[in-house]
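**Student:** My structure is below; once you've seen it, I'll send some questions.
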Amino acid sequence: MKKIKILLTVASIPLLLAGCGSVATPPAANTNTPAGNANANTNIAPKQVEVNITNFSFQPQTIEINAGDTVQWTNSDQTAHAVTIDNRIDTGDIDPGKTAKIKFNDKETINYHCRLHPSMTGTVIVK
């Protein structure tokens, strides 16, 4: 009986202490963000980058964009063109004065060409 009384007494000490109302609160986490935080670019809004098709060339020929950005090709030539990426994406014919858009979500370097005029090439570098 003595052992049970001692165990009950020892077991009730935490309950008595909890009832006193003094509960320790851990310190608040530091929410300051350094100016050079590596995640600073995650809040950049997607943008649209323009490529002009003129004189049977893509201008600029190479562009750098961020993941999530869209590239718009505008055909300023007098004949139709197309943007083809490794035979996996094709804008279809882009008639004179018309545009086509592709959104790039993955970080990669993409080489593209005009399906109708294969000597026309360009590069999109997605950061």
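Chains: A, B, ... in order of the structure tokens. Residues: from 1 per chain. Ligands: from 1, in order shown.
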Contacts of Pro60 of chain A at 9 Å or less, counting only C-alpha atoms, minus same-chain residues fewer than 4 places along, as a list in words?

**Tutor:** Glu50, Val51, Asn52, Ile53 and Gly122 of chain A

**Student:** Could you turn the residues from that selection into a file that holds C-alpha atoms, as a PDB file, in the first residue's frame?

**Tutor:**
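Output file again-v7.pdb follows:
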ATOM      1  CA  GLU A  50       8.956  39.582 -77.012  1.00  0.00           C
ATOM      2  CA  VAL A  51      10.780  38.024 -79.973  1.00  0.00           C
ATOM      3  CA  ASN A  52      10.313  39.638 -83.370  1.00  0.00           C
ATOM      4  CA  ILE A  53      10.422  37.559 -86.550  1.00  0.00           C
ATOM      5  CA  GLY A 122      16.841  30.744 -81.757  1.00  0.00           C
TER       6      GLY A 122
END

**Student:** Need to verify the contact set: Lys98 of chain A, 10 Å, only C-alpha atoms, exclusion of same-chain residues closer than 3 positions in sequence. Can you return it as a PyMOL selection string?

**Tutor:** chain A and resi 73-77+80-81+93-95

**Student:** Go ahead and save the picked residues with N, CA and C atoms, as a PDB file, in the first residue's frame.

**Tutor:**
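That gives us out-v8.pdb:
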ATOM      1  N   TRP A  73       6.184  35.443 -79.884  1.00  0.00           N
ATOM      2  CA  TRP A  73       6.816  35.681 -81.173  1.00  0.00           C
ATOM      3  C   TRP A  73       5.830  36.447 -82.045  1.00  0.00           C
ATOM      4  N   THR A  74       6.289  37.561 -82.601  1.00  0.00           N
ATOM      5  CA  THR A  74       5.471  38.375 -83.504  1.00  0.00           C
ATOM      6  C   THR A  74       6.075  38.293 -84.893  1.00  0.00           C
ATOM      7  N   ASN A  75       5.273  37.893 -85.871  1.00  0.00           N
ATOM      8  CA  ASN A  75       5.754  37.756 -87.243  1.00  0.00           C
ATOM      9  C   ASN A  75       5.627  39.098 -87.967  1.00  0.00           C
ATOM     10  N   SER A  76       6.784  39.743 -88.182  1.00  0.00           N
ATOM     11  CA  SER A  76       6.821  41.011 -88.918  1.00  0.00           C
ATOM     12  C   SER A  76       7.258  40.822 -90.369  1.00  0.00           C
ATOM     13  N   ASP A  77       7.451  39.573 -90.783  1.00  0.00           N
ATOM     14  CA  ASP A  77       7.818  39.278 -92.172  1.00  0.00           C
ATOM     15  C   ASP A  77       6.560  39.236 -93.039  1.00  0.00           C
ATOM     16  N   ALA A  80       4.631  33.409 -93.802  1.00  0.00           N
ATOM     17  CA  ALA A  80       4.366  32.679 -92.562  1.00  0.00           C
ATOM     18  C   ALA A  80       5.645  32.037 -92.012  1.00  0.00           C
ATOM     19  N   HIS A  81       5.704  31.919 -90.707  1.00  0.00           N
ATOM     20  CA  HIS A  81       6.792  31.232 -90.005  1.00  0.00           C
ATOM     21  C   HIS A  81       6.167  30.365 -88.925  1.00  0.00           C
ATOM     22  N   ASP A  93       1.549  27.523 -88.023  1.00  0.00           N
ATOM     23  CA  ASP A  93       1.979  28.664 -88.837  1.00  0.00           C
ATOM     24  C   ASP A  93       1.592  29.978 -88.172  1.00  0.00           C
ATOM     25  N   ILE A  94       2.546  30.903 -88.147  1.00  0.00           N
ATOM     26  CA  ILE A  94       2.293  32.257 -87.645  1.00  0.00           C
ATOM     27  C   ILE A  94       2.257  33.162 -88.870  1.00  0.00           C
ATOM     28  N   ASP A  95       1.079  33.569 -89.260  1.00  0.00           N
ATOM     29  CA  ASP A  95       0.922  34.399 -90.449  1.00  0.00           C
ATOM     30  C   ASP A  95       1.487  35.803 -90.212  1.00  0.00           C
TER      31      ASP A  95
END

**Student:** Please run DSSP on the backbone and report, as a PyMOL selection string, all residues within segment 37-126 of chain A that come out as strand (DSSP E).

**Tutor:** chain A and resi 48-54+57-59+62-65+70-75+84-85+89-90+99-103+108-113+121-126

**Student:** Rank A:Leu116, A:Thr54, A:Ala45, A:Ile65 by their smallest atom-to-atom distance to Gly92 of chain A, using only C-alpha atoms, and report the top residue only.

**Tutor:**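 Nearest to Gly92 of chain A: A:Leu116.
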
**Student:** Have a look at A:Ile125, A:Ser119, A:Gln78, A:Cys114 and name the one nearest to Gly97 of chain A; count only C-alpha atoms.

**Tutor:**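 Of A:Ile125, A:Ser119, A:Gln78, A:Cys114, the one nearest Gly97 of chain A, counting only C-alpha atoms, is A:Gln78.
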
**Student:** My list of candidates is A:Val83, A:Ile110, A:Ile44, A:Ala67. Which is closest to Lys127 of chain A when distances are computed with only C-alpha atoms?

**Tutor:**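 Checking each candidate against Lys127 of chain A, we get A:Ala67 as the closest.
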